[in-house]
Amino acid sequence: MAIDWQPSASLETLRERARLMAKVRAFFAQRDVLEVETPVLGQGGSTDVHLVSLHTQARTGRGQRRLWLQTSPEFHMKRLLAAGSGPIFQLAKSFRDGEVGSRHNIEFTMLEWYRPQFTLEKLIDETATLIISLLPSFPGPVVHYRYRELFHTHLEVDPFTTSLDKLRSLAAERGQMSAKTLAGEGRETCLDLLMSMVIEPQLGKAELSVVVDYPANQAALARRHQDADGEWVASRFELYLNGIELANGYDELTDAAEQRARFAADNAERRRLGLPEVDVDERLLAALAHGIPEGAGVALGIDRLIQLALGKARLEDVLTFSTPIC
């Protein structure tokens with residue numbers, strides 16, 4: 001059998017990719033944001049139950065130890081913030097196991113940046129400005145939606161008050177799966193399924209859609225606040241174009257004790273679901289304890305944005321070489 005050794009993307013596409021990457025760097029250079037490069041291997045991985053981190057055994061001066069391929073450069077970049085770096089950005093190789101498809105690759109490039117003293121609203125504006133600058137035509141207005149509003153509009157349910165049984169039934173119906181499949185799933189899983197299957201495909205049509213006020217248990221490494229209805233929600237946003245999630249931004253959590261508690265809760269949920277636990281990054285927690293500046297940060301899937309900008313059907317069409325899957 002012949003071995004396919006050719007690049008995934010055409011050479012013309014790779015030249016266009018390089019042009020767009022240069023525009024990204026120019027965008028941040030104009031704003032005095034420092035480009036940094038951090039390791040892809042870390043002491044800890046992402047404890048997020050929806051992500052699968054890759055790890056390896058490495059020989060060090062202290063013997064064998066487990067190191068984690070980073071799902072994003074976030075942990076290392078926050079350590080730089082604690083060291084006084086000021087605003088920083090990075091085009092970083094990141095890894096998420098099992099993510100293969102027209103919009104996914106196990107190894108991908110993440111554009112991530114942090115803005116000390118920025119509000120979430122100011123970062124949303126900057127993110128939208130960057131995205132628009134890379135697209136061949138203006139995608140339309142930037143429209144904000146509250147998470148709760150989207151569930152009312154598209155599913156006629158309230159994500160905060162609707163019973164878990166109702167959410168399971170609805171997720172099974174809309175996902176065309178048996179109710180038994182979701183029998184043991186919690187509220188967050190059902191909401192994630194409904195968001196991805198029903199709502200996300202409707203977002204970003206002739207506009208940039210910004211979603212805010214996610215449930216508080218979806219805060220991850222973001223702060224929490226009370227919304228206009230008095231509900232505790234996550235201080236974060238996601239940005240969509242053509243039904244594709246492009247960016248995920250946080251008003252960054254700076255409380256080390258709270259972050260440790262969230263990591264522990266994630267691993268407890270992993271144990272409940274029969275998933276392997278993930279090592280907690282103690283160096284990140286030490287940096288948070290030392291103190292990082294208040295501010296906001298965002299991760300943007302630059303491969304996806306380039307895919308949209310160049311009108312390509314598959315993510316691999318803009319990658320030099322996609323991850324071999326056979």
# chains A, B, ... in the order shown; residues from 1 in each chain; ligands from 1

$ select_by_dssp --residues "region 92-206 of chain A" --states "strand (DSSP E or B)" --output "PyMOL selection string"
chain A and resi 92-95+101+104+107-116+142-146

$ closest_atom_pairs --of "region 137-173 of chain A" --to "region 239-245 of chain A" --cutoff "10 Å" --atoms "only C-alpha atoms" --output "Markdown table"
| residue | atom | partner | partner_atom | distance |
| --- | --- | --- | --- | --- |
| A:Pro139 | CA | A:Leu241 | CA | 8.1 |
| A:Val142 | CA | A:Leu239 | CA | 9.4 |
| A:Val143 | CA | A:Leu239 | CA | 9.7 |
| A:His144 | CA | A:Leu239 | CA | 9.2 |

$ closest_residue --among "A:Arg224, A:His154, A:Lys93, A:Arg187" --to "Ile199 (chain A)" --atoms "only C-alpha atoms"
A:His154

$ closest_residue --among "A:Lys23, A:Arg168, A:Lys78, A:Arg236" --to "Gly291 (chain A)" --atoms "only C-alpha atoms"
A:Lys78

$ residues_around --residues "Val100 (chain A)" --least-positions-apart "3" --cutoff "10 Å" --atoms "only C-alpha atoms" --output "list of chain:residue names"
A:Arg96, A:Asp97, A:Arg103, A:His104, A:Asn105, A:Ile106, A:Glu107, A:Leu315, A:Glu316, A:Ser322, A:Thr323, A:Pro324, A:Ile325

$ write_last_selection --atoms "N, CA and C atoms" --output "PDB file, in the first residue's frame"
ATOM      1  N   ARG A  96      -5.220  17.784  22.001  1.00  0.00           N
ATOM      2  CA  ARG A  96      -6.414  17.247  22.659  1.00  0.00           C
ATOM      3  C   ARG A  96      -6.731  15.901  22.015  1.00  0.00           C
ATOM      4  N   ASP A  97      -6.647  14.851  22.814  1.00  0.00           N
ATOM      5  CA  ASP A  97      -6.789  13.503  22.280  1.00  0.00           C
ATOM      6  C   ASP A  97      -8.219  13.257  21.797  1.00  0.00           C
ATOM      7  N   ARG A 103     -13.449  19.986  11.743  1.00  0.00           N
ATOM      8  CA  ARG A 103     -13.073  21.191  12.487  1.00  0.00           C
ATOM      9  C   ARG A 103     -12.073  20.905  13.595  1.00  0.00           C
ATOM     10  N   HIS A 104     -11.568  19.684  13.656  1.00  0.00           N
ATOM     11  CA  HIS A 104     -10.687  19.282  14.755  1.00  0.00           C
ATOM     12  C   HIS A 104      -9.462  18.554  14.238  1.00  0.00           C
ATOM     13  N   ASN A 105      -8.382  18.667  14.999  1.00  0.00           N
ATOM     14  CA  ASN A 105      -7.176  17.877  14.782  1.00  0.00           C
ATOM     15  C   ASN A 105      -6.535  17.685  16.148  1.00  0.00           C
ATOM     16  N   ILE A 106      -5.970  16.514  16.404  1.00  0.00           N
ATOM     17  CA  ILE A 106      -5.407  16.241  17.726  1.00  0.00           C
ATOM     18  C   ILE A 106      -4.344  17.279  18.094  1.00  0.00           C
ATOM     19  N   GLU A 107      -3.495  17.626  17.136  1.00  0.00           N
ATOM     20  CA  GLU A 107      -2.516  18.704  17.315  1.00  0.00           C
ATOM     21  C   GLU A 107      -2.987  19.903  16.514  1.00  0.00           C
ATOM     22  N   LEU A 315     -10.557  21.271   8.248  1.00  0.00           N
ATOM     23  CA  LEU A 315      -9.437  21.884   8.967  1.00  0.00           C
ATOM     24  C   LEU A 315      -8.107  21.434   8.374  1.00  0.00           C
ATOM     25  N   GLU A 316      -8.020  20.180   7.983  1.00  0.00           N
ATOM     26  CA  GLU A 316      -6.750  19.666   7.452  1.00  0.00           C
ATOM     27  C   GLU A 316      -6.333  20.384   6.173  1.00  0.00           C
ATOM     28  N   SER A 322      -1.860  16.998   8.653  1.00  0.00           N
ATOM     29  CA  SER A 322      -2.831  16.650   9.688  1.00  0.00           C
ATOM     30  C   SER A 322      -2.332  15.436  10.465  1.00  0.00           C
ATOM     31  N   THR A 323      -2.886  15.231  11.660  1.00  0.00           N
ATOM     32  CA  THR A 323      -2.494  14.097  12.484  1.00  0.00           C
ATOM     33  C   THR A 323      -2.884  12.784  11.802  1.00  0.00           C
ATOM     34  N   PRO A 324      -1.948  11.838  11.596  1.00  0.00           N
ATOM     35  CA  PRO A 324      -2.302  10.551  10.992  1.00  0.00           C
ATOM     36  C   PRO A 324      -3.327   9.826  11.857  1.00  0.00           C
ATOM     37  N   ILE A 325      -4.371   9.306  11.245  1.00  0.00           N
ATOM     38  CA  ILE A 325      -5.419   8.604  12.017  1.00  0.00           C
ATOM     39  C   ILE A 325      -5.493   7.138  11.652  1.00  0.00           C
TER      40      ILE A 325
END
